[in-house]
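Undergrad: What follows is protein-v5.pdb, made up of PDB, C-alpha atoms, pLDDT in the B column:
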ATOM      1  CA  MET A   1      36.963  -8.574 -58.791  1.00 58.00           C
ATOM      2  CA  SER A   2      37.567  -5.994 -61.492  1.00 64.00           C
ATOM      3  CA  PRO A   3      34.951  -5.659 -64.240  1.00 71.00           C
ATOM      4  CA  ARG A   4      35.679  -7.365 -67.510  1.00 76.00           C
ATOM      5  CA  ARG A   5      37.239  -5.127 -70.140  1.00 85.00           C
ATOM      6  CA  SER A   6      35.527  -5.098 -73.513  1.00 92.00           C
ATOM      7  CA  TYR A   7      36.266  -3.966 -77.027  1.00 94.00           C
ATOM      8  CA  ASP A   8      32.615  -2.853 -77.176  1.00 95.00           C
ATOM      9  CA  GLN A   9      32.294  -4.128 -80.735  1.00 96.00           C
ATOM     10  CA  TYR A  10      29.302  -6.121 -81.965  1.00 94.00           C
ATOM     11  CA  CYS A  11      31.501  -8.798 -83.536  1.00 97.00           C
ATOM     12  CA  SER A  12      31.850 -12.433 -82.462  1.00 97.00           C
ATOM     13  CA  ALA A  13      35.657 -12.323 -82.740  1.00 95.00           C
ATOM     14  CA  ALA A  14      35.754  -9.232 -80.537  1.00 96.00           C
ATOM     15  CA  ARG A  15      33.403 -10.857 -78.032  1.00 95.00           C
ATOM     16  CA  ALA A  16      35.649 -13.958 -77.930  1.00 96.00           C
ATOM     17  CA  LEU A  17      38.703 -11.791 -77.314  1.00 95.00           C
ATOM     18  CA  ASP A  18      36.843 -10.048 -74.504  1.00 95.00           C
ATOM     19  CA  LEU A  19      36.960 -13.443 -72.764  1.00 95.00           C
ATOM     20  CA  VAL A  20      40.268 -14.999 -73.799  1.00 96.00           C
ATOM     21  CA  GLY A  21      42.319 -12.182 -75.294  1.00 95.00           C
ATOM     22  CA  ASP A  22      44.242 -11.297 -72.141  1.00 94.00           C
ATOM     23  CA  ARG A  23      47.838 -12.478 -71.847  1.00 95.00           C
ATOM     24  CA  TRP A  24      48.128 -16.000 -70.334  1.00 97.00           C
ATOM     25  CA  THR A  25      44.426 -16.910 -70.553  1.00 98.00           C
ATOM     26  CA  LEU A  26      44.705 -19.288 -73.498  1.00 98.00           C
ATOM     27  CA  LEU A  27      47.837 -20.870 -72.052  1.00 98.00           C
ATOM     28  CA  ILE A  28      45.928 -21.539 -68.830  1.00 98.00           C
ATOM     29  CA  VAL A  29      43.264 -23.202 -70.994  1.00 98.00           C
ATOM     30  CA  ARG A  30      46.014 -25.288 -72.611  1.00 97.00           C
ATOM     31  CA  GLU A  31      47.064 -26.547 -69.186  1.00 97.00           C
ATOM     32  CA  LEU A  32      43.504 -27.223 -68.001  1.00 97.00           C
ATOM     33  CA  LEU A  33      42.735 -29.253 -71.123  1.00 95.00           C
ATOM     34  CA  SER A  34      44.718 -31.988 -69.362  1.00 94.00           C
ATOM     35  CA  GLY A  35      42.107 -32.125 -66.595  1.00 92.00           C
ATOM     36  CA  PRO A  36      41.841 -30.636 -63.090  1.00 94.00           C
ATOM     37  CA  ARG A  37      45.014 -28.896 -61.887  1.00 96.00           C
ATOM     38  CA  ARG A  38      46.087 -27.428 -58.589  1.00 96.00           C
ATOM     39  CA  TYR A  39      47.160 -23.796 -58.517  1.00 97.00           C
ATOM     40  CA  THR A  40      50.748 -24.784 -57.695  1.00 96.00           C
ATOM     41  CA  ASP A  41      50.871 -27.180 -60.648  1.00 96.00           C
ATOM     42  CA  LEU A  42      49.538 -24.521 -62.997  1.00 97.00           C
ATOM     43  CA  HIS A  43      52.138 -22.048 -61.782  1.00 97.00           C
ATOM     44  CA  ALA A  44      54.922 -24.600 -62.248  1.00 96.00           C
ATOM     45  CA  ASP A  45      53.888 -25.347 -65.840  1.00 96.00           C
ATOM     46  CA  LEU A  46      53.431 -21.696 -66.823  1.00 97.00           C
ATOM     47  CA  PRO A  47      56.979 -20.385 -66.355  1.00 97.00           C
ATOM     48  CA  GLY A  48      57.064 -16.606 -66.506  1.00 96.00           C
ATOM     49  CA  VAL A  49      53.606 -15.894 -65.081  1.00 97.00           C
ATOM     50  CA  SER A  50      53.460 -14.083 -61.753  1.00 97.00           C
ATOM     51  CA  THR A  51      51.313 -15.436 -58.934  1.00 97.00           C
ATOM     52  CA  ASP A  52      49.174 -12.277 -58.986  1.00 97.00           C
ATOM     53  CA  VAL A  53      48.496 -12.500 -62.727  1.00 96.00           C
ATOM     54  CA  LEU A  54      47.713 -16.218 -62.566  1.00 98.00           C
ATOM     55  CA  ALA A  55      45.290 -15.716 -59.695  1.00 97.00           C
ATOM     56  CA  SER A  56      43.635 -12.807 -61.517  1.00 96.00           C
ATOM     57  CA  ARG A  57      43.229 -14.757 -64.760  1.00 96.00           C
ATOM     58  CA  LEU A  58      41.734 -17.742 -62.956  1.00 97.00           C
ATOM     59  CA  LYS A  59      39.213 -15.487 -61.216  1.00 96.00           C
ATOM     60  CA  ASP A  60      38.318 -13.942 -64.580  1.00 96.00           C
ATOM     61  CA  MET A  61      37.851 -17.395 -66.085  1.00 97.00           C
ATOM     62  CA  GLU A  62      35.567 -18.411 -63.204  1.00 97.00           C
ATOM     63  CA  ARG A  63      33.538 -15.233 -63.609  1.00 95.00           C
ATOM     64  CA  ASP A  64      33.168 -15.770 -67.347  1.00 95.00           C
ATOM     65  CA  GLY A  65      32.136 -19.414 -67.050  1.00 96.00           C
ATOM     66  CA  LEU A  66      35.292 -20.882 -68.615  1.00 97.00           C
ATOM     67  CA  ALA A  67      36.670 -22.599 -65.507  1.00 98.00           C
ATOM     68  CA  GLY A  68      35.580 -23.598 -62.027  1.00 97.00           C
ATOM     69  CA  ARG A  69      37.234 -24.425 -58.739  1.00 97.00           C
ATOM     70  CA  ARG A  70      36.368 -27.335 -56.451  1.00 95.00           C
ATOM     71  CA  ARG A  71      37.847 -29.045 -53.418  1.00 93.00           C
ATOM     72  CA  LEU A  72      39.078 -32.613 -53.766  1.00 89.00           C
ATOM     73  CA  PRO A  73      37.747 -35.110 -51.221  1.00 87.00           C
ATOM     74  CA  PRO A  74      40.087 -36.405 -48.494  1.00 84.00           C
ATOM     75  CA  PRO A  75      42.862 -37.379 -48.390  1.00 82.00           C
ATOM     76  CA  GLY A  76      43.604 -34.867 -51.161  1.00 74.00           C
ATOM     77  CA  ALA A  77      41.655 -31.962 -49.655  1.00 78.00           C
ATOM     78  CA  ALA A  78      43.217 -29.518 -52.131  1.00 90.00           C
ATOM     79  CA  TYR A  79      41.475 -27.110 -54.454  1.00 95.00           C
ATOM     80  CA  VAL A  80      41.714 -27.743 -58.178  1.00 97.00           C
ATOM     81  CA  TYR A  81      40.736 -25.714 -61.217  1.00 98.00           C
ATOM     82  CA  GLU A  82      39.050 -27.317 -64.211  1.00 96.00           C
ATOM     83  CA  LEU A  83      37.459 -26.209 -67.448  1.00 96.00           C
ATOM     84  CA  THR A  84      33.715 -25.992 -67.836  1.00 96.00           C
ATOM     85  CA  PRO A  85      32.089 -27.442 -70.976  1.00 94.00           C
ATOM     86  CA  ARG A  86      32.262 -23.904 -72.414  1.00 96.00           C
ATOM     87  CA  GLY A  87      35.983 -23.770 -71.648  1.00 96.00           C
ATOM     88  CA  ARG A  88      36.617 -27.166 -73.236  1.00 94.00           C
ATOM     89  CA  GLU A  89      35.108 -25.853 -76.465  1.00 94.00           C
ATOM     90  CA  LEU A  90      38.341 -23.867 -76.848  1.00 96.00           C
ATOM     91  CA  LEU A  91      40.248 -27.046 -77.801  1.00 94.00           C
ATOM     92  CA  PRO A  92      39.815 -26.587 -81.581  1.00 92.00           C
ATOM     93  CA  VAL A  93      40.642 -22.884 -81.173  1.00 95.00           C
ATOM     94  CA  LEU A  94      43.974 -23.747 -79.564  1.00 95.00           C
ATOM     95  CA  GLN A  95      44.641 -26.435 -82.154  1.00 92.00           C
ATOM     96  CA  ALA A  96      44.016 -23.990 -84.995  1.00 94.00           C
ATOM     97  CA  LEU A  97      46.164 -21.359 -83.300  1.00 95.00           C
ATOM     98  CA  GLY A  98      48.941 -23.928 -82.835  1.00 93.00           C
ATOM     99  CA  ALA A  99      48.770 -24.969 -86.490  1.00 91.00           C
ATOM    100  CA  TRP A 100      48.992 -21.343 -87.570  1.00 93.00           C
ATOM    101  CA  GLY A 101      51.886 -20.680 -85.196  1.00 93.00           C
ATOM    102  CA  GLY A 102      53.863 -23.817 -86.028  1.00 90.00           C
ATOM    103  CA  PRO A 103      56.047 -22.116 -88.668  1.00 89.00           C
ATOM    104  CA  GLU A 104      56.974 -19.458 -86.084  1.00 91.00           C
ATOM    105  CA  LEU A 105      58.644 -21.969 -83.774  1.00 89.00           C
ATOM    106  CA  GLY A 106      61.980 -22.157 -85.532  1.00 85.00           C
ATOM    107  CA  GLU A 107      64.790 -23.780 -83.577  1.00 85.00           C
ATOM    108  CA  ARG A 108      64.457 -23.868 -79.812  1.00 87.00           C
ATOM    109  CA  ARG A 109      66.163 -20.886 -78.183  1.00 90.00           C
ATOM    110  CA  PRO A 110      68.363 -21.295 -75.079  1.00 92.00           C
ATOM    111  CA  THR A 111      65.849 -19.217 -73.116  1.00 94.00           C
ATOM    112  CA  ASP A 112      62.818 -21.261 -74.195  1.00 93.00           C
ATOM    113  CA  ALA A 113      61.102 -23.276 -71.474  1.00 93.00           C
ATOM    114  CA  VAL A 114      59.651 -26.616 -72.530  1.00 91.00           C
ATOM    115  CA  ARG A 115      57.365 -29.232 -71.026  1.00 92.00           C
ATOM    116  CA  ALA A 116      56.766 -32.587 -72.664  1.00 91.00           C
ATOM    117  CA  HIS A 117      52.975 -32.180 -72.604  1.00 92.00           C
ATOM    118  CA  TRP A 118      53.176 -28.943 -74.605  1.00 93.00           C
ATOM    119  CA  PHE A 119      53.586 -31.199 -77.647  1.00 92.00           C
ATOM    120  CA  ALA A 120      50.275 -32.909 -76.892  1.00 93.00           C
ATOM    121  CA  LEU A 121      48.000 -30.591 -78.860  1.00 92.00           C
ATOM    122  CA  PRO A 122      50.089 -30.599 -82.085  1.00 91.00           C
ATOM    123  CA  LEU A 123      50.229 -34.408 -81.999  1.00 92.00           C
ATOM    124  CA  LEU A 124      46.549 -34.691 -81.151  1.00 90.00           C
ATOM    125  CA  ARG A 125      45.807 -32.689 -84.272  1.00 88.00           C
ATOM    126  CA  THR A 126      47.639 -35.209 -86.473  1.00 88.00           C
ATOM    127  CA  LEU A 127      46.155 -38.425 -85.071  1.00 91.00           C
ATOM    128  CA  GLU A 128      43.036 -40.032 -86.493  1.00 88.00           C
ATOM    129  CA  GLY A 129      40.707 -42.577 -85.001  1.00 89.00           C
ATOM    130  CA  GLU A 130      39.648 -42.993 -81.400  1.00 90.00           C
ATOM    131  CA  GLY A 131      41.600 -44.263 -78.426  1.00 92.00           C
ATOM    132  CA  LEU A 132      44.311 -43.672 -75.854  1.00 94.00           C
ATOM    133  CA  VAL A 133      47.849 -42.938 -77.030  1.00 96.00           C
ATOM    134  CA  GLU A 134      50.981 -42.677 -74.892  1.00 97.00           C
ATOM    135  CA  VAL A 135      53.931 -40.603 -76.110  1.00 97.00           C
ATOM    136  CA  GLN A 136      57.460 -40.916 -74.766  1.00 95.00           C
ATOM    137  CA  LEU A 137      60.000 -38.124 -75.277  1.00 92.00           C
ATOM    138  CA  GLU A 138      63.355 -37.410 -73.691  1.00 87.00           C
ATOM    139  CA  GLU A 139      61.636 -34.742 -71.568  1.00 84.00           C
ATOM    140  CA  GLY A 140      58.994 -37.122 -70.248  1.00 90.00           C
ATOM    141  CA  ARG A 141      55.792 -38.934 -71.111  1.00 94.00           C
ATOM    142  CA  PHE A 142      52.229 -37.794 -71.734  1.00 95.00           C
ATOM    143  CA  HIS A 143      49.078 -39.368 -73.096  1.00 95.00           C
ATOM    144  CA  LEU A 144      46.411 -38.296 -75.554  1.00 94.00           C
ATOM    145  CA  TYR A 145      42.694 -39.013 -75.743  1.00 94.00           C
ATOM    146  CA  VAL A 146      42.130 -39.227 -79.484  1.00 93.00           C
ATOM    147  CA  GLY A 147      38.649 -38.701 -80.938  1.00 86.00           C
ATOM    148  CA  GLY A 148      35.283 -38.941 -79.302  1.00 65.00           C
ATOM    149  CA  VAL A 149      36.216 -37.304 -75.998  1.00 56.00           C
ATOM    150  CA  GLN A 150      33.869 -34.389 -75.399  1.00 54.00           C
ATOM    151  CA  ASP A 151      33.475 -34.220 -71.634  1.00 69.00           C
ATOM    152  CA  GLY A 152      36.927 -35.205 -70.399  1.00 79.00           C
ATOM    153  CA  PRO A 153      40.539 -34.163 -70.758  1.00 88.00           C
ATOM    154  CA  ALA A 154      42.210 -33.881 -74.145  1.00 92.00           C
ATOM    155  CA  TYR A 155      45.523 -35.132 -72.813  1.00 94.00           C
ATOM    156  CA  GLY A 156      47.322 -35.874 -69.563  1.00 92.00           C
ATOM    157  CA  ASP A 157      50.829 -35.618 -68.178  1.00 90.00           C
ATOM    158  CA  GLY A 158      52.697 -38.813 -67.402  1.00 92.00           C
ATOM    159  CA  PRO A 159      52.033 -42.422 -68.458  1.00 94.00           C
ATOM    160  CA  ALA A 160      48.643 -43.484 -69.801  1.00 94.00           C
ATOM    161  CA  PRO A 161      46.119 -44.597 -67.168  1.00 92.00           C
ATOM    162  CA  GLY A 162      45.787 -48.170 -68.356  1.00 90.00           C
ATOM    163  CA  GLU A 163      46.919 -49.961 -71.472  1.00 93.00           C
ATOM    164  CA  PRO A 164      47.092 -47.497 -74.384  1.00 95.00           C
ATOM    165  CA  ASP A 165      45.943 -48.309 -77.904  1.00 94.00           C
ATOM    166  CA  ALA A 166      49.325 -47.110 -79.160  1.00 96.00           C
ATOM    167  CA  ARG A 167      52.696 -46.048 -77.757  1.00 97.00           C
ATOM    168  CA  LEU A 168      54.830 -43.580 -79.689  1.00 97.00           C
ATOM    169  CA  VAL A 169      58.522 -43.142 -78.908  1.00 97.00           C
ATOM    170  CA  MET A 170      60.450 -40.301 -80.530  1.00 96.00           C
ATOM    171  CA  ASP A 171      63.203 -37.822 -79.788  1.00 93.00           C
ATOM    172  CA  ALA A 172      62.621 -34.146 -79.126  1.00 86.00           C
ATOM    173  CA  GLY A 173      63.866 -33.092 -82.559  1.00 90.00           C
ATOM    174  CA  THR A 174      61.261 -35.246 -84.296  1.00 93.00           C
ATOM    175  CA  CYS A 175      58.476 -33.935 -82.089  1.00 90.00           C
ATOM    176  CA  GLU A 176      59.582 -30.362 -82.728  1.00 89.00           C
ATOM    177  CA  ALA A 177      59.600 -30.990 -86.496  1.00 91.00           C
ATOM    178  CA  LEU A 178      56.058 -32.354 -86.274  1.00 91.00           C
ATOM    179  CA  SER A 179      54.985 -29.270 -84.310  1.00 89.00           C
ATOM    180  CA  ARG A 180      56.529 -26.969 -86.914  1.00 88.00           C
ATOM    181  CA  GLY A 181      54.711 -28.791 -89.702  1.00 87.00           C
ATOM    182  CA  GLU A 182      57.958 -29.877 -91.361  1.00 90.00           C
ATOM    183  CA  SER A 183      56.978 -33.549 -91.316  1.00 88.00           C
ATOM    184  CA  SER A 184      53.817 -35.577 -90.990  1.00 89.00           C
ATOM    185  CA  LEU A 185      53.463 -38.273 -88.347  1.00 92.00           C
ATOM    186  CA  ALA A 186      53.010 -40.893 -91.061  1.00 91.00           C
ATOM    187  CA  GLU A 187      56.302 -39.849 -92.670  1.00 93.00           C
ATOM    188  CA  ALA A 188      58.100 -39.943 -89.331  1.00 95.00           C
ATOM    189  CA  VAL A 189      56.800 -43.464 -88.668  1.00 95.00           C
ATOM    190  CA  THR A 190      57.747 -44.663 -92.144  1.00 93.00           C
ATOM    191  CA  ASP A 191      61.327 -43.425 -91.949  1.00 94.00           C
ATOM    192  CA  GLY A 192      61.837 -44.767 -88.434  1.00 95.00           C
ATOM    193  CA  ARG A 193      61.961 -41.518 -86.466  1.00 96.00           C
ATOM    194  CA  VAL A 194      58.845 -42.573 -84.524  1.00 96.00           C
ATOM    195  CA  ARG A 195      58.583 -46.088 -83.095  1.00 96.00           C
ATOM    196  CA  VAL A 196      55.027 -47.395 -82.731  1.00 97.00           C
ATOM    197  CA  THR A 197      53.973 -50.275 -80.496  1.00 96.00           C
ATOM    198  CA  GLY A 198      50.558 -51.508 -79.434  1.00 95.00           C
ATOM    199  CA  ASP A 199      47.710 -53.552 -80.835  1.00 93.00           C
ATOM    200  CA  GLY A 200      44.996 -50.908 -81.086  1.00 94.00           C
ATOM    201  CA  THR A 201      43.528 -49.593 -84.328  1.00 93.00           C
ATOM    202  CA  ILE A 202      45.559 -46.365 -84.084  1.00 94.00           C
ATOM    203  CA  ALA A 203      48.843 -48.288 -83.771  1.00 95.00           C
ATOM    204  CA  LYS A 204      47.914 -50.573 -86.666  1.00 94.00           C
ATOM    205  CA  ALA A 205      46.926 -47.638 -88.869  1.00 93.00           C
ATOM    206  CA  LEU A 206      50.181 -45.818 -88.157  1.00 93.00           C
ATOM    207  CA  ARG A 207      52.301 -48.881 -88.932  1.00 92.00           C
ATOM    208  CA  ALA A 208      50.338 -49.457 -92.126  1.00 89.00           C
ATOM    209  CA  GLY A 209      51.139 -45.924 -93.277  1.00 77.00           C
TER
END
Could you write out this structure as structure tokens?

TA:
Amino acid sequence: MSPRRSYDQYCSAARALDLVGDRWTLLIVRELLSGPRRYTDLHADLPGVSTDVLASRLKDMERDGLAGRRRLPPPGAAYVYELTPRGRELLPVLQALGAWGGPELGERRPTDAVRAHWFALPLLRTLEGEGLVEVQLEEGRFHLYVGGVQDGPAYGDGPAPGEPDARLVMDAGTCEALSRGESSLAEAVTDGRVRVTGDGTIAKALRAG
């Protein structure tokens, strides 16, 4: 394993970039915020990354205490990667970075890859309260763990595991507008672009405006 490169600057921002400043590292964190992932799943949801670079970044993250690897018990018997508590502390960093980068999204380009769960972090940033929320888009479904989740995933791909506190149904254009900061979730619910169902406090709060 190659030694970690460093800016050799006594500055907390520089020290942070020593760990997560390499290309792809923060996007790997984004994927692992959904919980343990197999290498093949990570590679599939990080279009454009080579197998060599992905393997190298994961080794770096293990070395630096941001992620770990473990073997699932039978019948799975596959290795998965998951964030350590230190790695999960990057959630607000990614949320802040996403908020800052929202205006840079513009309209989706023909060459842009997209996965439904990539909209999880922008939506998670806009939701208040505590509970499980399922989101349905044209591209697929994902679920969010809103508030109070410190030791588990921030979101997950696919339907919610169990009855969610709220279900949100919207088209891709609405979700993209929310990600770009052009509309608030409350506004989108009020004008009918987001349909809310469910009996949890989050659903009730959203319907109440």

Undergrad: Evaluate the PyMOL selection byres ((chain A and resi 105) around 10) on the structure here and hand back the selected residues as an MDAnalysis selection string.

TA: chainID A and resid 98 101:104 106:109 176:177 179:181

Undergrad: What is the CA of Tyr81 in chain A-CA of Leu97 in chain A distance in Å, reported with one decimal?

TA: 23.2 Å

Undergrad: Hey, what's within 10 Å of Phe119 in chain A if we count only C-alpha atoms and toss same-chain stuff fewer than 6 positions away? As a PyMOL selection string, please?

TA: chain A and resi 135+137+142+172+175-176+178-179

Undergrad: Create the file for the chosen residues now, containing C-alpha atoms and written as a CSV table (one decimal), in the coordinates of the input.

TA:
chain,number,residue,atom,x,y,z
A,135,VAL,CA,53.9,-40.6,-76.1
A,137,LEU,CA,60.0,-38.1,-75.3
A,142,PHE,CA,52.2,-37.8,-71.7
A,172,ALA,CA,62.6,-34.1,-79.1
A,175,CYS,CA,58.5,-33.9,-82.1
A,176,GLU,CA,59.6,-30.4,-82.7
A,178,LEU,CA,56.1,-32.4,-86.3
A,179,SER,CA,55.0,-29.3,-84.3

Undergrad: Using all atoms listed in the file, which protein or nucleic acid residues come within 9 Å of Arg70 in chain A? Drop anything in the same chain fewer than 5 positions from it, and give the result as a count of residues only.

TA: 5

Undergrad: Of the candidates A:Tyr39, A:Tyr7, A:Tyr145, A:Trp118, which shows the shortest atom-to-atom distance to Val133 in chain A, using only C-alpha atoms?

TA: A:Tyr145

Undergrad: Please, what distance in Å, to one decimal, runs between CA of Arg125 in chain A and CA of Leu32 in chain A?

TA: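 One can read the CA of Arg125 in chain A to CA of Leu32 in chain A distance as 17.3 Å.
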
Undergrad: Could you check the closest approach to Gly48 in chain A for each of A:Arg88, A:Thr126, A:Gly152, A:Leu27 and tell me which residue wins, using only C-alpha atoms?

TA: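 Of A:Arg88, A:Thr126, A:Gly152, A:Leu27, the one nearest Gly48 in chain A, counting only C-alpha atoms, is A:Leu27.
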
Undergrad: Please, what distance in Å, to one decimal, runs between CA of Glu134 in chain A and CA of Ala67 in chain A?

TA: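 According to the coordinates, CA of Glu134 in chain A and CA of Ala67 in chain A are separated by 26.4 Å.
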